[in-house]
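These notes are about the structure you will find just below.
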2 protein chains.
Amino acid sequence: MSGHTIRDVARAAGVSYQTVSRVINGNERVADATRERVMTAIGELGYRPNQAARELAGKAVRSLTVLTSDTSLYGNASALRGIEEAARTAGFAVSISVLARNAAPDADELRARLVRPGEPVIVIAFDAAGVRALELLPPEVPVAAVVERPPGVDPGPRHVWLDDRLAAARATRHLLGLGHRTVHHLALPSSTARTAQRTEGWRDALREAGVAEPEPVEGGWTPRSGHLAARSLLERADVTAVLCGNDDVALGVLRAARETGRAVPRDLSVVGFDDMPASAYLAPALTTVRLDFEGLGRTAFGLLRRLLDPSAPAQEPCAEPELIVRESSGPWPGSGPGPAGGTS
Amino acid sequence: MSGHTIRDVARAAGVSYQTVSRVINGNERVADATRERVMTAIGELGYRPNQAARELAGKAVRSLTVLTSDTSLYGNASALRGIEEAARTAGFAVSISVLARNAAPDADELRARLVRPGEPVIVIAFDAAGVRALELLPPEVPVAAVVERPPGVDPGPRHVWLDDRLAAARATRHLLGLGHRTVHHLALPSSTARTAQRTEGWRDALREAGVAEPEPVEGGWTPRSGHLAARSLLERADVTAVLCGNDDVALGVLRAARETGRAVPRDLSVVGFDDMPASAYLAPALTTVRLDFEGLGRTAFGLLRRLLDPSAPAQEPCAEPELIVRESSGPWPGSGPGPAGGTS
DNA sequence: GACTCTTGTGTGAACGGTCACATTCAGCGC
DNA sequence: GCGCTGAATGTGACCGTTCACACAAGAGTC
């Protein structure tokens, strides 16, 4: 039976229940000898405080809910892992609630999802469903958000994000540096009404280099959607470098390239985003930008925690995006005579 | 806003608080007219029951904790998704706690991970850490387990598993049917002291065909470990078909094959396990066995639910393993055109 | 018309904590 | 000795809900 109460402990230690409560809640003015006795009583009885009673009596709860879409996507899964890890070490319990990708939730459904009113929430809002959920959340719930791009001019302290814009710019510069006349972009669905950060970074680099700025092609998140989108893109001979919205999309593009007889990287350079564990083993191994989703999740938790308790320690920042050059990117095919290009 | 109580509702509806409680907890003996009034009062006030109070007062709580290792592994993530989906539709809140892969937790730590003592648990125990956690869980907690193989002779009603043995046998037969003299196996780490189910199924098929039974090579879960293990395996010319523990491992093997100059499927056939979304897009597209992890998760939840409430409806069973033949498996190189014998 | 039986509703007491306040008992200056 | 202070501990009420009952009507039964 797991049914010992604070009063049982008090009886065993020969003190009042309030003293036990004091001991449990850390240092108040309790004599060392008393604390000692209470502690041993707790240990012997195997007492564990009842979370529900604690919460009911007004004590701040150490739990949070993560709202995310599809957890099988690498970014979501990694951020979730970061949150979970940080939360658990801080003694928080983590609940999870998965949003349907397409159908954005309405306010009622959302409220019903949160186990208890007032439960703190972290939203992983890389896609539109997440962003919408974030908007719909009632203002009184404490919330931190992992987003693709900060909203508006004044992001406020509730949001964390990776520097996708810089990352995309770096990847694009890498390709331009290899001699490509321009870089095409297979964009992820934008999470907001505005252009995605990665798309902007890509455009930054193109503009900075003064090259043509082709229309980005909007696709999905999966290999399947990358494959689909690439089939039309690769019909055009002038496409020599493709920056993909993520590594999964890049995988689809690699396949499309194979099917249309384009050798990578000889005829076509493909660069991904995220650096999934599999990406180094693809054929060819994928050039990509490594992103610290886990660190991002940890940071989000730190944010939420300081929202609940301003005296909580600050979280260390997450890692910068890092370009990982592998086999899938090579020099512009137009420059080298025939078989010259191609080894990396 | 979120601070209305059952008594506020009662006052607004002109009834006693107990009547409101009855209405909330479904149909007891409440007059239709009264129920109606209470319902509108609830709607107008935007009342939401306080979970903590409800739990404290002894109401069974509709929540569960999922104990799993690394959620970025496809099997874990998919099973989690299945659980979450089924749980949410049934009105359960899902907490998640991630186990470190290597360091198995001790009983105390495990208990501390549960939101409250006696919290129902689903353990995703595909690996040793999960199995150990399952063993350590105190007997009083209601638990369902998603396992790689049922424990002992009498699995009991708490466990669900996929027919990995049959699945492996099918995949192996497929390869033998293509003329391969035998099939080598790159096994996942076994979750128990006994041989993994997939390994047994593979052996079943070899034995049934009366061919040589090479020692299985034990590796890990990742592309990296598959790559590592394959490098030594592929030094041997007689290895023409490899059954991999999962698709990620197969990815590593594909890369190793490329590096050692073995064309797949011409010189080497590679078959995976799981059918991850990416597997259809690999180069070459992976022949694999599709497993219904999501359905398995749903089933596990159904099990737990009936454990808590025997009158709950039964869950529909999950799908059978299905062999998906793609590009990575082909006829035995010894028979076909081109230089005969292993050393081409 | 007094008697059960059913149906609907109200009342008091938990549940296991925390909070605000009351109490005890040293040590201290006067 | 007296009151004053402050540290250590105890007491009562309350958080919002459910549970076990008690109670008030109306419907049958005889």
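Residue numbers start at 1 in each chain; chains themselves are named A, B, ... in the order of the structure tokens; ligands are numbered from 1 in the order shown.
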Inset, instruction - Do a least-squares overlay of chain A on chain B, C-alpha atoms all paired in order, then report the RMSD in Å. - result: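 The superposed chains show a C-alpha RMSD of 2.0 Å.
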Legend entry - strand (DSSP E or B) call set, DSSP backbone run, range 247-325 of chain A, as a list in words: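 Matching residues, listed in order: Ser269, Val270, Val271, Asp274, Thr287, Thr288, Val289, Arg290, Glu322, Leu323 and Ile324 of chain A.
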Just C-alpha atoms for this one: save the residues we selected as an mmCIF file, in the first residue's frame.
```cif
data_model
loop_
_atom_site.group_PDB
_atom_site.id
_atom_site.type_symbol
_atom_site.label_atom_id
_atom_site.label_comp_id
_atom_site.auth_asym_id
_atom_site.auth_seq_id
_atom_site.Cartn_x
_atom_site.Cartn_y
_atom_site.Cartn_z
ATOM 1 C CA SER A 269 24.261 19.222 -55.360
ATOM 2 C CA VAL A 270 21.813 18.535 -52.568
ATOM 3 C CA VAL A 271 22.005 20.066 -49.121
ATOM 4 C CA ASP A 274 18.952 19.102 -39.329
ATOM 5 C CA THR A 287 25.774 17.708 -46.687
ATOM 6 C CA THR A 288 23.575 19.395 -44.141
ATOM 7 C CA VAL A 289 23.308 21.874 -41.300
ATOM 8 C CA ARG A 290 23.427 20.435 -37.841
ATOM 9 C CA GLU A 322 26.926 24.129 -37.995
ATOM 10 C CA LEU A 323 27.405 23.283 -41.640
ATOM 11 C CA ILE A 324 28.449 19.672 -42.113
#
```
Inset, instruction - Just need the residues of chain A within 6 Å of chain C, counting only C-alpha atoms (C1' of nucleotides), so spit them out as a ChimeraX atom specification. - result: /A:53-54,57
Legend entry - range 302-304 of chain B surroundings by only C-alpha atoms (C1' of nucleotides), 9 Å radius, close-in-sequence under 6 positions cut, as a PyMOL selection string: chain B and resi 83+86-87+120-122+142-145+157-160+312-316
If you take only C-alpha atoms (C1' of nucleotides) and a cut-off of 7 Å, which residues of chain D touch chain A, and what are their nearest atom pairs and distances in Å to one decimal, in chain and number order, as a Markdown table?
```
| residue | atom | partner | partner_atom | distance |
| --- | --- | --- | --- | --- |
| D:DA8 | C1' | A:Val30 | CA | 6.4 |
| D:DT9 | C1' | A:Thr19 | CA | 7.0 |
| D:DG10 | C1' | A:Ser16 | CA | 6.4 |
| D:DC15 | C1' | A:Ala57 | CA | 4.7 |
```
Inset, instruction - Output the contact residues of chain B with respect to chain A at a cut-off of 7 Å, based on only C-alpha atoms, as a VMD selection string. - result: chain B and resid 2 50 to 53 55 to 56 71 to 72 77 to 78 93 to 96 115 to 117 223 251 to 252 255 278 281 283
Restrict the selected residues to C-alpha atoms and save them as a JSON list (two decimals), in the first residue's frame.
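Listed below is the output, again18.json:
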```json
[["chain", "number", "residue", "atom", "x", "y", "z"],
["B", 2, "SER", "CA", -10.12, 29.19, -14.21],
["B", 50, "ASN", "CA", -10.12, 20.50, -10.73],
["B", 51, "GLN", "CA", -8.20, 17.31, -11.31],
["B", 52, "ALA", "CA", -6.19, 17.54, -8.14],
["B", 53, "ALA", "CA", -9.24, 17.82, -5.94],
["B", 55, "GLU", "CA", -8.00, 12.79, -7.42],
["B", 56, "LEU", "CA", -7.57, 13.64, -3.79],
["B", 71, "THR", "CA", 12.23, 8.32, -28.37],
["B", 72, "SER", "CA", 14.17, 9.03, -31.51],
["B", 77, "ALA", "CA", 8.45, 6.70, -31.24],
["B", 78, "SER", "CA", 5.76, 4.87, -33.16],
["B", 93, "ALA", "CA", -3.48, 12.15, -19.97],
["B", 94, "VAL", "CA", -0.11, 10.74, -20.98],
["B", 95, "SER", "CA", 3.10, 11.45, -19.15],
["B", 96, "ILE", "CA", 6.38, 10.34, -20.53],
["B", 115, "VAL", "CA", 3.75, 11.12, -11.14],
["B", 116, "ARG", "CA", 2.22, 9.54, -8.06],
["B", 117, "PRO", "CA", 2.50, 6.25, -6.31],
["B", 223, "PRO", "CA", 23.14, 3.23, -38.75],
["B", 251, "LEU", "CA", 21.24, 1.75, -43.77],
["B", 252, "GLY", "CA", 24.65, 1.35, -42.19],
["B", 255, "ARG", "CA", 26.92, 2.19, -46.79],
["B", 278, "ALA", "CA", 12.59, 6.82, -45.19],
["B", 281, "TYR", "CA", 13.66, 6.29, -50.60],
["B", 283, "ALA", "CA", 19.50, 3.97, -52.49]]
```
Inset, instruction - Give the alpha helix (DSSP H) residues of range 101-257 of chain B, as DSSP finds them on the backbone, and put them as a PyMOL selection string. - result: chain B and resi 107-113+128-136+164-177+197-209+223-233+247-257
Legend entry - Pairwise distance for CA of Arg11 in chain B and CA of Ala60 in chain B, rounded to one decimal in Å: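 Taking CA of Arg11 in chain B as the start and CA of Ala60 in chain B as the end point, the length is 26.5 Å.
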Legend entry - Spatial neighbours of Arg37 in chain A, 12 Å, only C-alpha atoms (C1' of nucleotides), chain gap at least 2 places, as number ranges by chain: A: 9-15, 19-20, 23, 30-35, 39-44
Take the residues just selected and output them with C-alpha atoms as a compact mmCIF listing (two decimals), in the first residue's frame.
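What landed in out17.txt:
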```txt
# COMPACT_ATOMS: atom_id res chain seq x y z
CA VAL A 9 5.29 10.42 9.57
CA ALA A 10 4.64 12.99 12.27
CA ARG A 11 3.47 10.33 14.67
CA ALA A 12 6.49 8.16 13.94
CA ALA A 13 8.88 11.05 14.49
CA GLY A 14 7.04 12.40 17.52
CA VAL A 15 6.39 15.82 16.01
CA THR A 19 6.85 20.17 11.14
CA VAL A 20 6.95 17.29 8.69
CA VAL A 23 11.00 19.39 6.48
CA VAL A 30 13.47 23.48 11.87
CA ALA A 31 16.01 22.33 14.45
CA ASP A 32 18.61 20.03 12.98
CA ALA A 33 17.84 17.24 15.41
CA THR A 34 14.14 17.39 14.54
CA ARG A 35 14.80 17.40 10.82
CA MET A 39 13.93 12.32 7.70
CA THR A 40 14.53 8.88 9.13
CA ALA A 41 10.82 8.45 9.76
CA ILE A 42 10.15 9.33 6.13
CA GLY A 43 12.73 6.84 5.01
CA GLU A 44 11.48 4.03 7.20
```
